[in-house]
>>> print(open('final.txt').read())   # compact mmCIF, C-alpha atoms and all ligand atoms
# COMPACT_ATOMS: atom_id res chain seq x y z
CA MET A 1 32.38 13.32 6.78
CA LYS A 2 31.03 11.12 3.96
CA ILE A 3 27.36 11.43 3.08
CA LEU A 4 25.04 9.30 1.00
CA PHE A 5 22.24 11.59 -0.19
CA LEU A 6 19.04 10.01 -1.55
CA ASP A 7 16.39 11.65 -3.71
CA GLN A 8 13.53 10.00 -5.57
CA SER A 9 13.31 12.54 -8.37
CA GLY A 10 15.01 12.72 -11.74
CA LYS A 11 13.63 16.23 -12.16
CA PRO A 12 14.95 19.45 -10.64
CA GLY A 13 12.21 20.69 -8.29
CA GLY A 14 12.94 23.00 -5.35
CA ALA A 15 13.98 20.19 -2.98
CA GLU A 16 16.46 18.97 -5.58
CA LEU A 17 17.90 22.44 -6.23
CA CYS A 18 18.34 22.82 -2.47
CA LEU A 19 20.16 19.47 -2.37
CA VAL A 20 22.65 20.63 -5.02
CA ASP A 21 23.70 23.50 -2.73
CA ILE A 22 23.98 21.23 0.31
CA ALA A 23 25.88 18.38 -1.38
CA LYS A 24 28.32 20.54 -3.37
CA PRO A 25 30.79 21.40 -0.57
CA TYR A 26 31.31 17.69 0.17
CA GLY A 27 32.78 17.04 -3.31
CA GLN A 28 33.92 13.43 -3.65
CA ASN A 29 32.80 12.73 -0.07
CA ALA A 30 29.19 12.86 -1.25
CA LEU A 31 27.21 10.52 -3.42
CA VAL A 32 23.68 11.36 -4.54
CA GLY A 33 21.64 8.21 -5.18
CA LEU A 34 18.61 8.90 -7.39
CA PHE A 35 15.53 6.73 -7.90
CA ALA A 36 14.96 8.09 -11.41
CA ASN A 37 17.05 9.36 -14.28
CA GLY A 38 16.63 12.84 -15.78
CA ASP A 39 17.76 16.45 -15.87
CA PHE A 40 18.48 16.49 -12.14
CA ARG A 41 21.26 13.95 -12.72
CA LYS A 42 22.75 16.24 -15.39
CA LEU A 43 22.57 19.21 -13.03
CA LEU A 44 24.44 17.27 -10.33
CA GLU A 45 27.10 16.25 -12.85
CA GLU A 46 27.47 19.85 -14.04
CA ASN A 47 28.13 20.75 -10.41
CA GLN A 48 30.76 17.98 -10.08
CA ILE A 49 28.64 16.15 -7.49
CA PRO A 50 29.01 12.35 -7.69
CA VAL A 51 25.67 10.84 -8.68
CA GLU A 52 24.30 7.39 -9.43
CA VAL A 53 20.85 6.39 -10.65
CA LEU A 54 20.02 3.40 -8.43
CA THR A 55 16.99 2.01 -10.26
CA ASN A 56 15.30 2.29 -13.63
CA GLN A 57 11.87 1.34 -12.23
CA ALA A 58 9.51 4.10 -11.11
CA ILE A 59 8.07 3.54 -7.60
CA LYS A 60 4.29 3.50 -8.03
CA VAL A 61 3.27 5.39 -4.91
CA SER A 62 1.95 8.95 -5.11
CA LYS A 63 1.38 11.56 -2.41
CA GLN A 64 -2.27 10.48 -2.28
CA SER A 65 -1.71 6.67 -2.28
CA GLY A 66 -3.62 4.44 0.10
CA LEU A 67 -2.40 1.54 2.25
CA PHE A 68 -2.71 -1.23 -0.35
CA GLN A 69 -0.75 0.65 -2.97
CA ALA A 70 1.91 1.44 -0.39
CA LEU A 71 2.18 -2.20 0.67
CA GLY A 72 2.17 -3.35 -2.96
CA SER A 73 5.23 -1.25 -3.65
CA LEU A 74 7.26 -2.92 -0.88
CA GLY A 75 8.36 -5.79 -3.14
CA GLN A 76 9.27 -3.25 -5.78
CA ILE A 77 11.64 -1.31 -3.51
CA THR A 78 13.52 -4.31 -2.09
CA PRO A 79 16.25 -4.25 -4.79
CA LEU A 80 16.57 -0.49 -4.28
CA ILE A 81 17.00 -0.91 -0.53
CA ASN A 82 19.72 -3.43 -1.29
CA GLN A 83 21.51 -0.96 -3.59
CA VAL A 84 21.39 1.73 -0.91
CA PHE A 85 22.46 -0.71 1.82
CA GLN A 86 25.55 -1.69 -0.18
CA ARG A 87 26.55 1.93 -0.92
CA ALA A 88 25.90 2.97 2.71
CA GLN A 89 28.84 0.89 3.98
CA GLN A 90 31.20 3.55 2.58
CA TYR A 91 29.37 6.54 4.07
CA ASP A 92 28.94 7.98 7.56
CA LEU A 93 25.28 8.80 7.21
CA ILE A 94 22.25 8.57 4.95
CA TYR A 95 20.55 11.87 4.08
CA ALA A 96 17.05 11.37 2.66
CA ASN A 97 15.75 14.39 0.74
CA THR A 98 12.26 13.19 -0.29
CA GLN A 99 9.52 10.93 1.09
CA LYS A 100 10.29 7.82 -0.98
CA ALA A 101 13.97 8.35 -0.16
CA LEU A 102 12.91 8.39 3.48
CA VAL A 103 11.21 4.99 3.20
CA VAL A 104 14.15 3.37 1.40
CA GLY A 105 16.74 5.22 3.48
CA ALA A 106 15.09 4.28 6.78
CA ILE A 107 15.24 0.54 6.08
CA ALA A 108 18.76 0.74 4.60
CA SER A 109 20.00 2.83 7.54
CA PHE A 110 18.70 0.20 9.97
CA LEU A 111 20.39 -2.63 8.04
CA ALA A 112 23.66 -0.75 7.52
CA ARG A 113 23.68 0.77 11.03
CA ARG A 114 24.16 4.25 9.70
CA PRO A 115 22.31 7.29 11.11
CA LEU A 116 19.46 8.67 9.02
CA VAL A 117 18.85 12.38 8.47
CA TYR A 118 15.63 13.47 6.81
CA HIS A 119 15.35 16.84 5.10
CA LEU A 120 11.68 17.67 5.36
CA HIS A 121 10.69 19.83 2.37
CA ASP A 122 6.95 19.22 2.78
CA ILE A 123 4.06 20.32 4.92
CA LEU A 124 2.87 16.99 6.25
CA SER A 125 -0.85 17.67 6.21
CA THR A 126 -3.87 16.17 4.47
CA GLU A 127 -3.86 19.15 2.09
CA HIS A 128 -0.78 17.62 0.48
CA PHE A 129 -0.80 13.89 1.45
CA SER A 130 -3.11 10.93 2.01
CA ASN A 131 -3.63 9.78 5.62
CA THR A 132 -1.69 6.58 4.89
CA ASN A 133 1.26 8.49 3.53
CA LEU A 134 1.28 10.79 6.53
CA ARG A 135 1.16 7.92 9.02
CA VAL A 136 3.92 5.98 7.27
CA ALA A 137 6.16 9.05 7.01
CA VAL A 138 5.74 10.19 10.62
CA ASN A 139 6.19 6.68 12.04
CA LEU A 140 9.32 6.05 10.02
CA ILE A 141 10.78 9.40 10.99
CA ASN A 142 10.02 8.91 14.70
CA ARG A 143 11.51 5.42 14.72
CA CYS A 144 14.45 5.74 12.34
CA ALA A 145 15.65 9.33 11.95
CA ALA A 146 18.40 10.81 14.11
CA LEU A 147 17.56 14.29 12.84
CA VAL A 148 14.88 16.05 10.82
CA ILE A 149 15.86 19.27 9.05
CA ALA A 150 12.62 21.17 8.39
CA ASN A 151 12.74 23.78 5.61
CA SER A 152 10.52 26.18 7.60
CA GLN A 153 8.77 26.66 10.90
CA ALA A 154 5.53 25.84 9.03
CA SER A 155 6.89 22.43 7.95
CA LYS A 156 8.09 21.80 11.50
CA THR A 157 4.71 22.70 13.01
CA ALA A 158 2.84 20.41 10.60
CA PHE A 159 5.29 17.58 11.44
CA LEU A 160 4.62 18.02 15.16
CA GLN A 161 0.86 18.22 14.61
CA ALA A 162 1.04 14.95 12.66
CA GLY A 163 2.66 13.30 15.70
CA GLY A 164 6.36 13.93 14.96
CA LYS A 165 8.82 13.90 17.88
CA PRO A 166 9.76 17.48 18.85
CA ASP A 167 13.35 16.71 19.86
CA LEU A 168 14.22 15.40 16.38
CA VAL A 169 13.53 18.54 14.42
CA GLN A 170 15.56 21.66 13.60
CA VAL A 171 14.47 24.40 11.22
CA VAL A 172 17.04 25.38 8.57
CA TYR A 173 15.98 27.58 5.67
CA ASN A 174 17.25 27.06 2.12
CA GLY A 175 20.49 28.92 1.47
CA PHE A 176 21.41 31.00 -1.59
CA ALA A 177 24.49 32.71 -3.03
CA ALA A 178 23.36 36.32 -3.55
CA LYS A 179 25.92 36.86 -6.32
CA ASP A 180 24.15 34.23 -8.49
CA TYR A 181 21.18 36.60 -8.65
CA GLU A 182 23.02 39.66 -9.97
CA ALA A 183 22.02 40.28 -13.56
CA ASP A 184 23.87 41.91 -16.43
CA GLU A 185 21.79 44.98 -17.41
CA LEU A 186 22.61 44.74 -21.12
CA LYS A 187 21.63 41.08 -21.34
CA VAL A 188 18.43 41.77 -19.42
CA ARG A 189 17.45 44.52 -21.85
CA GLU A 190 18.12 42.19 -24.75
CA LEU A 191 16.10 39.37 -23.21
CA ARG A 192 13.19 41.72 -22.49
CA LYS A 193 13.24 42.83 -26.12
CA ASN A 194 13.50 39.27 -27.48
CA LEU A 195 10.52 38.23 -25.37
CA GLY A 196 8.53 41.16 -26.76
CA LEU A 197 8.16 42.71 -23.31
CA ASP A 198 9.38 46.24 -24.02
CA ASP A 199 6.98 48.89 -22.62
CA LYS A 200 5.04 46.26 -20.68
CA PHE A 201 4.56 45.91 -16.95
CA VAL A 202 5.77 42.33 -16.51
CA VAL A 203 4.55 40.01 -13.75
CA GLY A 204 6.60 36.81 -13.53
CA HIS A 205 5.56 33.48 -12.06
CA PHE A 206 8.33 30.92 -11.54
CA SER A 207 7.11 27.50 -10.63
CA ARG A 208 6.30 24.07 -11.95
CA LEU A 209 2.81 24.06 -13.47
CA SER A 210 0.64 22.36 -10.86
CA PRO A 211 -2.87 23.15 -9.55
CA TRP A 212 -1.69 24.01 -6.02
CA LYS A 213 0.95 26.41 -7.36
CA GLY A 214 -2.03 28.49 -8.52
CA GLN A 215 -0.97 29.82 -11.92
CA HIS A 216 -4.72 30.07 -12.71
CA ILE A 217 -5.08 32.71 -9.97
CA LEU A 218 -2.49 34.91 -11.65
CA ILE A 219 -4.20 34.50 -15.03
CA GLU A 220 -7.48 35.60 -13.45
CA ALA A 221 -5.70 38.52 -11.75
CA VAL A 222 -4.12 39.82 -14.93
CA SER A 223 -7.52 39.87 -16.61
CA GLN A 224 -8.47 42.45 -13.94
CA CYS A 225 -5.41 44.64 -14.64
CA PRO A 226 -4.89 47.25 -17.40
CA SER A 227 -3.87 45.82 -20.80
CA ASN A 228 -0.26 46.93 -20.37
CA VAL A 229 0.20 44.35 -17.60
CA VAL A 230 1.48 41.03 -18.96
CA VAL A 231 2.49 37.71 -17.40
CA ILE A 232 5.33 35.28 -18.00
CA LEU A 233 4.76 31.77 -16.64
CA VAL A 234 8.13 30.09 -16.20
CA GLY A 235 8.11 26.38 -15.41
CA ASP A 236 6.76 23.10 -16.67
CA ALA A 237 4.51 20.29 -15.47
CA LEU A 238 7.26 18.28 -13.77
CA PHE A 239 5.05 15.61 -12.23
CA GLY A 240 2.49 14.80 -14.92
CA GLU A 241 0.01 17.65 -14.38
CA HIS A 242 -0.87 17.82 -18.10
CA GLU A 243 -4.61 18.33 -17.54
CA TYR A 244 -3.83 21.45 -15.55
CA VAL A 245 -1.62 22.81 -18.32
CA LYS A 246 -4.49 22.29 -20.76
CA ASP A 247 -6.85 24.11 -18.36
CA LEU A 248 -4.43 27.03 -18.10
CA HIS A 249 -4.25 27.42 -21.88
CA GLN A 250 -8.05 27.23 -22.10
CA LYS A 251 -8.40 29.89 -19.42
CA VAL A 252 -6.02 32.20 -21.28
CA THR A 253 -8.08 31.78 -24.47
CA ALA A 254 -11.42 32.16 -22.70
CA LEU A 255 -10.28 35.43 -21.11
CA GLY A 256 -8.80 36.69 -24.39
CA LEU A 257 -5.32 36.96 -22.89
CA GLU A 258 -3.35 35.21 -25.67
CA ASN A 259 -1.14 38.28 -26.13
CA ARG A 260 -0.70 38.94 -22.42
CA VAL A 261 0.26 35.55 -20.97
CA LYS A 262 3.41 33.79 -22.19
CA PHE A 263 4.27 30.21 -21.29
CA LEU A 264 8.06 29.93 -21.31
CA GLY A 265 8.42 26.32 -20.11
CA PHE A 266 11.19 25.12 -17.77
CA ARG A 267 14.20 27.45 -17.86
CA GLY A 268 17.69 27.37 -16.46
CA ASP A 269 18.14 31.17 -16.50
CA ILE A 270 15.88 32.15 -13.60
CA PRO A 271 17.90 35.20 -12.36
CA GLN A 272 17.89 36.77 -15.86
CA LEU A 273 14.19 36.10 -16.31
CA MET A 274 13.38 37.50 -12.89
CA ALA A 275 15.40 40.57 -13.83
CA VAL A 276 13.07 41.29 -16.78
CA CYS A 277 10.07 41.33 -14.41
CA ASP A 278 8.53 44.31 -12.64
CA VAL A 279 6.85 42.08 -10.04
CA VAL A 280 7.21 38.41 -9.12
CA ALA A 281 4.03 36.63 -8.00
CA HIS A 282 3.75 33.53 -5.83
CA THR A 283 0.21 32.16 -5.84
CA SER A 284 0.14 28.76 -4.11
CA THR A 285 -3.38 27.82 -3.04
CA ALA A 286 -2.17 25.32 -0.41
CA PRO A 287 0.42 26.34 2.21
CA GLU A 288 3.89 26.55 0.63
CA PRO A 289 6.46 24.64 2.71
CA PHE A 290 9.21 27.21 2.04
CA GLY A 291 9.08 28.87 -1.40
CA ARG A 292 12.51 29.28 -2.97
CA VAL A 293 11.10 31.55 -5.68
CA ILE A 294 10.12 34.13 -3.08
CA VAL A 295 13.69 34.44 -1.79
CA GLU A 296 15.10 34.36 -5.33
CA ALA A 297 12.87 37.25 -6.38
CA MET A 298 14.05 39.22 -3.35
CA LEU A 299 17.69 38.52 -4.21
CA CYS A 300 17.00 39.80 -7.74
CA GLY A 301 15.71 43.03 -6.19
CA LYS A 302 12.17 42.47 -7.48
CA PRO A 303 9.00 43.24 -5.52
CA VAL A 304 7.36 39.98 -4.57
CA VAL A 305 3.72 39.30 -3.81
CA ALA A 306 3.09 35.97 -2.11
CA ALA A 307 0.14 33.88 -0.94
CA GLU A 308 -0.24 34.31 2.82
CA ALA A 309 0.17 30.76 4.16
CA GLY A 310 2.84 28.29 5.27
CA GLY A 311 6.52 29.16 4.88
CA ALA A 312 5.76 32.24 2.75
CA MET A 313 4.61 34.00 5.95
CA GLU A 314 8.08 33.51 7.43
CA LEU A 315 9.72 35.01 4.36
CA VAL A 316 7.49 38.01 3.65
CA GLU A 317 6.37 40.80 5.96
CA ASP A 318 3.56 42.62 4.22
CA GLY A 319 4.57 46.15 3.19
CA ILE A 320 8.08 45.73 4.61
CA ASN A 321 9.95 43.36 2.26
CA GLY A 322 7.11 42.38 -0.07
CA PHE A 323 3.37 41.91 -0.13
CA LEU A 324 1.02 39.19 1.11
CA VAL A 325 -2.41 38.36 -0.31
CA THR A 326 -5.07 35.82 0.65
CA PRO A 327 -4.41 32.53 -1.20
CA GLY A 328 -6.81 32.02 -4.12
CA LYS A 329 -8.06 35.65 -4.22
CA SER A 330 -7.27 36.97 -7.70
CA GLN A 331 -8.88 40.37 -7.01
CA GLU A 332 -6.50 41.05 -4.11
CA LEU A 333 -3.56 39.98 -6.25
CA ALA A 334 -4.68 42.32 -9.06
CA THR A 335 -4.90 45.21 -6.59
CA VAL A 336 -1.33 44.62 -5.34
CA ILE A 337 0.00 44.36 -8.92
CA ASN A 338 -1.72 47.64 -9.82
CA ASN A 339 -0.37 49.32 -6.68
CA CYS A 340 3.17 48.19 -7.52
CA TRP A 341 2.76 49.81 -10.90
CA GLN A 342 1.22 53.05 -9.58
CA GLU A 343 3.56 53.45 -6.63
CA SER A 344 6.83 52.45 -8.24
CA ALA A 345 9.16 54.47 -5.97
CA LYS A 346 7.67 53.05 -2.75
CA THR A 347 7.69 49.54 -4.24
CA ALA A 348 11.34 49.85 -5.32
CA LYS A 349 12.31 50.77 -1.74
CA ILE A 350 10.56 47.67 -0.42
CA ALA A 351 12.28 45.49 -3.03
CA ASN A 352 15.67 46.97 -2.24
CA TYR A 353 15.25 46.36 1.47
CA ALA A 354 14.16 42.78 0.68
CA ARG A 355 17.29 42.23 -1.44
CA ILE A 356 19.64 43.36 1.32
CA SER A 357 17.90 41.51 4.15
CA ALA A 358 17.42 38.27 2.15
CA SER A 359 21.11 38.14 1.21
CA GLU A 360 21.95 38.16 4.94
CA ARG A 361 19.13 35.95 6.19
CA PHE A 362 19.52 33.20 3.57
CA ASP A 363 23.30 33.33 3.13
CA GLY A 364 24.16 29.92 1.65
CA LYS A 365 27.58 29.74 3.31
CA ILE A 366 26.17 30.22 6.81
CA ILE A 367 23.29 27.82 6.16
CA ASN A 368 25.67 25.13 4.88
CA GLN A 369 27.75 25.56 8.03
CA GLN A 370 24.64 25.12 10.18
CA ILE A 371 23.79 21.89 8.38
CA GLN A 372 27.36 20.65 8.64
CA GLU A 373 27.37 21.26 12.41
CA LEU A 374 24.10 19.37 12.79
CA LEU A 375 25.39 16.42 10.76
CA LYS A 376 28.67 16.34 12.71
CA SER A 377 26.81 16.15 16.01
CA ILE A 378 24.72 13.24 14.70
CA ILE A 379 27.82 11.28 13.72
CA LEU A 380 29.55 12.05 17.03
CA ASN A 381 26.51 10.92 19.05
CA LYS A 382 25.98 7.78 17.02
N1 LIG B 401 12.73 26.87 -11.34
C1 LIG B 401 13.62 26.66 -12.39
N2 LIG B 401 13.13 26.72 -13.66
C2 LIG B 401 11.83 26.95 -13.94
C3 LIG B 401 10.92 27.15 -12.86
C4 LIG B 401 11.41 27.11 -11.57
O1 LIG B 401 14.81 26.44 -12.18
O2 LIG B 401 11.46 27.00 -15.10
C5 LIG B 401 13.24 26.81 -9.97
C6 LIG B 401 13.00 28.06 -9.14
O3 LIG B 401 13.95 29.05 -9.45
C7 LIG B 401 13.10 27.52 -7.73
C8 LIG B 401 12.59 26.09 -7.87
O4 LIG B 401 12.58 25.80 -9.26
O5 LIG B 401 14.44 27.52 -7.28
C9 LIG B 401 11.22 25.89 -7.30
O6 LIG B 401 11.31 25.86 -5.93
P1 LIG B 401 10.16 26.32 -4.95
O7 LIG B 401 10.69 26.10 -3.59
O8 LIG B 401 9.72 27.69 -5.25
O9 LIG B 401 8.93 25.36 -5.27
P2 LIG B 401 8.83 23.76 -5.44
O10 LIG B 401 8.67 23.51 -6.90
O11 LIG B 401 10.04 23.16 -4.87
O12 LIG B 401 7.61 23.37 -4.66
C1 LIG B 402 9.75 21.72 -1.70
C2 LIG B 402 8.65 22.70 -1.33
C3 LIG B 402 9.08 24.14 -1.50
C4 LIG B 402 10.45 24.38 -0.92
C5 LIG B 402 11.46 23.41 -1.51
C6 LIG B 402 12.86 23.58 -0.93
O1 LIG B 402 9.82 21.44 -3.05
O2 LIG B 402 7.46 22.48 -2.08
O3 LIG B 402 8.16 25.01 -0.86
O4 LIG B 402 10.87 25.71 -1.16
O5 LIG B 402 11.03 22.10 -1.23
O6 LIG B 402 12.90 23.33 0.46
>>> encode(input="final.txt", output="structure tokens")
Amino acid sequence: MKILFLDQSGKPGGAELCLVDIAKPYGQNALVGLFANGDFRKLLEENQIPVEVLTNQAIKVSKQSGLFQALGSLGQITPLINQVFQRAQQYDLIYANTQKALVVGAIASFLARRPLVYHLHDILSTEHFSNTNLRVAVNLINRCAALVIANSQASKTAFLQAGGKPDLVQVVYNGFAAKDYEADELKVRELRKNLGLDDKFVVGHFSRLSPWKGQHILIEAVSQCPSNVVVILVGDALFGEHEYVKDLHQKVTALGLENRVKFLGFRGDIPQLMAVCDVVAHTSTAPEPFGRVIVEAMLCGKPVVAAEAGGAMELVEDGINGFLVTPGKSQELATVINNCWQESAKTAKIANYARISASERFDGKIINQQIQELLKSIILNK
């Protein structure tokens, strides 16, 4: 089976990291076509996944774009469609991993007579997208896709509510290799020391810096915790959210938390950094489609507290394998952080159970097999 994967991003967000794990087993039978150059290309190359950057022009449509902007970009994407169309001749199917990839992939799949699979990593609702974007996406999917792989039940439900065809969609969670999340105790101790975190109760947040990821909620929460509680914010503004980053720094200064909140930027050593934490917090203020960081924290054996909405509710059972709090409520978050500190034995049990159950539930090998079976059936029924 030969697959042409398409992704609009040059940067390694969660959808892109998921794609690395899906494309890897196909080796030379895969090609990832990107619509932008960047660190994601390097990551694919490091993983020996064939990759090509198909354009050097950014597509000027955002998640909130209206109809005119969307139409205006049509001329811009014609050469890109042509590039994809030409490559598609050598592949059995086109696998679109992002929304712009869906638009380009849908037209190219029609021209090249190749089936289109769409991996839906988003909650298609007006909380995340403009009405125009939603309509275009759902119409294209309904007309052109042979299969939609939704990253959670929440993403599937939103797709159906937006008018998506029920028989197209299958839910497949992101898969992970549990062994990648085992940390070397000595190195962890060293890292903790180098970061100046010895004797602190460390709450980690691992996400791109973006208003809906809610880092500001964690900053507010830590200001309501004892002074021994500190925060590491791991991640960068991947999609131009520089105003938000400025706001976060201002908030830290205004609350006098300069010594208790560290911005570590984008990092490639997530398992080690999670290992230095006592708690991992997920604070999205809009429903999270899936939430890789939640599963990763579980695999690292760390207690996780997540915002109760979207896919996070499928991953976390409050008090069983983690904790859930109302999105946007910093006081609730502060209470859970304090409880984790006070009741460390009970919390450790919860985290240990989460580690064992997550390694079974999100086993990357089994999840890759599921996807492979789905793709095979699409090619056979072509
Ligand atoms: N991540 C990373 N480096 C960072 C911050 C985050 O590699 O500095 C990874 C994180 O481990 C996770 C992904 O980025 O695998 C984010 O995925 P998630 O599904 O949590 O959110 P998304 O950004 O895709 O909405
Ligand atoms: C998207 C979503 C995130 C999800 C990831 C992988 O980036 O925002 O919630 O975990 O895709 O499916």
>>> residues_near_ligand(input="final.txt", ligand="ligand LIG 402 (chain B)", cutoff="10 Å", atoms="all atoms listed in the file", output="number ranges by chain")
A: 12-19, 97-98, 119-123, 128, 149-152, 155, 172-175, 207-208, 213, 284, 287-295, 310-312
>>> atom_distance(input="final.txt", atom1="atom CA of Pro50 of chain A", atom2="atom CA of Ala30 of chain A")
6.5 Å
>>> atom_distance(input="final.txt", atom1="atom CA of Ala137 of chain A", atom2="atom CA of Val103 of chain A")
7.5 Å
>>> closest_residue(input="final.txt", among="A:Glu308, A:Glu332, A:Glu373, A:Asp21", to="ligand LIG 401 (chain B)", atoms="all atoms listed in the file")
A:Asp21
>>> axis_aligned_box(input="final.txt", around="ligand LIG 401 (chain B)", padding_each_side="5 Å", output="AutoDock Vina command-line options")
--center_x 11.2 --center_y 26.1 --center_z -9.3 --size_x 17.2 --size_y 15.9 --size_z 21.5
>>> closest_residue(input="final.txt", among="A:Leu111, A:Ile94, A:Leu218, A:Ala358", to="Ala307 of chain A", atoms="all atoms listed in the file")
A:Leu218
>>> closest_residue(input="final.txt", among="A:Gln369, A:Asn139, A:Gln272, A:Thr326", to="ligand LIG 401 (chain B)", atoms="only C-alpha atoms and all ligand atoms")
A:Gln272
>>> residues_near_point(input="final.txt", point="(-3.3, 28.9, -15.1)", cutoff="10 Å", atoms="all atoms listed in the file", output="list in words")
Leu209, Ser210, Pro211, Lys213, Gly214, Gln215, His216, Ile217, Leu218, Ile219, Glu220, Leu233, Tyr244, Val245, Lys246, Asp247, Leu248, His249, Gln250, Lys251, Val252, Val261 and Phe263 of chain A
>>> atom_distance(input="final.txt", atom1="atom CA of Lys302 of chain A", atom2="atom CA of Val276 of chain A")
9.4 Å
>>> closest_residue(input="final.txt", among="A:Ser9, A:Gln76, A:Gln99, A:Gln161", to="Leu140 of chain A", atoms="all atoms listed in the file")
A:Gln99
>>> closest_residue(input="final.txt", among="A:Ala101, A:Leu238, A:Met1, A:Leu147", to="ligand LIG 401 (chain B)", atoms="all atoms listed in the file")
A:Leu238
>>> closest_residue(input="final.txt", among="A:Tyr353, A:Phe239, A:Phe206, A:Phe159", to="ligand LIG 401 (chain B)", atoms="all atoms listed in the file")
A:Phe206
>>> residues_around(input="final.txt", residues="Lys24 of chain A", least_positions_apart="5", cutoff="12 Å", atoms="all atoms listed in the file", output="NGL selection string")
:A and (3 or 5 or 17-19 or 29-32 or 43-51 or 364-365 or 368)
>>> decode(input="final.txt", residues="segment 77-91 of chain A", atoms="N, CA, C and O atoms", output="compact mmCIF listing (two decimals), in the first residue's frame")
# COMPACT_ATOMS: atom_id res chain seq x y z
N ILE A 77 -3.85 28.20 -4.79
CA ILE A 77 -3.57 26.78 -4.53
C ILE A 77 -3.55 25.93 -5.80
O ILE A 77 -3.21 24.76 -5.74
N THR A 78 -3.88 26.54 -6.95
CA THR A 78 -3.90 25.74 -8.19
C THR A 78 -2.56 25.05 -8.47
O THR A 78 -2.55 23.83 -8.73
N PRO A 79 -1.41 25.76 -8.39
CA PRO A 79 -0.14 25.06 -8.64
C PRO A 79 0.10 23.93 -7.63
O PRO A 79 0.64 22.88 -7.98
N LEU A 80 -0.36 24.14 -6.41
CA LEU A 80 -0.18 23.12 -5.37
C LEU A 80 -1.02 21.87 -5.69
O LEU A 80 -0.55 20.73 -5.57
N ILE A 81 -2.25 22.11 -6.16
CA ILE A 81 -3.11 20.98 -6.54
C ILE A 81 -2.42 20.19 -7.65
O ILE A 81 -2.39 18.95 -7.64
N ASN A 82 -1.82 20.91 -8.57
CA ASN A 82 -1.13 20.27 -9.68
C ASN A 82 0.04 19.41 -9.19
O ASN A 82 0.22 18.27 -9.63
N GLN A 83 0.80 19.94 -8.23
CA GLN A 83 1.91 19.16 -7.64
C GLN A 83 1.38 17.87 -7.02
O GLN A 83 1.96 16.80 -7.22
N VAL A 84 0.31 18.00 -6.26
CA VAL A 84 -0.24 16.83 -5.57
C VAL A 84 -0.79 15.83 -6.60
O VAL A 84 -0.56 14.62 -6.50
N PHE A 85 -1.51 16.36 -7.58
CA PHE A 85 -2.07 15.51 -8.65
C PHE A 85 -0.97 14.67 -9.30
O PHE A 85 -1.11 13.46 -9.49
N GLN A 86 0.14 15.32 -9.63
CA GLN A 86 1.24 14.59 -10.29
C GLN A 86 1.82 13.51 -9.40
O GLN A 86 2.04 12.38 -9.84
N ARG A 87 2.03 13.83 -8.11
CA ARG A 87 2.60 12.83 -7.19
C ARG A 87 1.60 11.68 -6.99
O ARG A 87 1.99 10.53 -6.85
N ALA A 88 0.31 12.02 -6.95
CA ALA A 88 -0.73 11.02 -6.60
C ALA A 88 -0.75 9.83 -7.56
O ALA A 88 -1.16 8.74 -7.16
N GLN A 89 -0.27 10.02 -8.78
CA GLN A 89 -0.29 8.92 -9.75
C GLN A 89 0.46 7.68 -9.21
O GLN A 89 0.12 6.57 -9.54
N GLN A 90 1.48 7.97 -8.39
CA GLN A 90 2.31 6.84 -7.90
C GLN A 90 1.82 6.27 -6.55
O GLN A 90 2.48 5.43 -5.96
N TYR A 91 0.70 6.75 -6.07
CA TYR A 91 0.24 6.31 -4.75
C TYR A 91 -1.19 5.74 -4.82
O TYR A 91 -1.94 6.07 -5.73
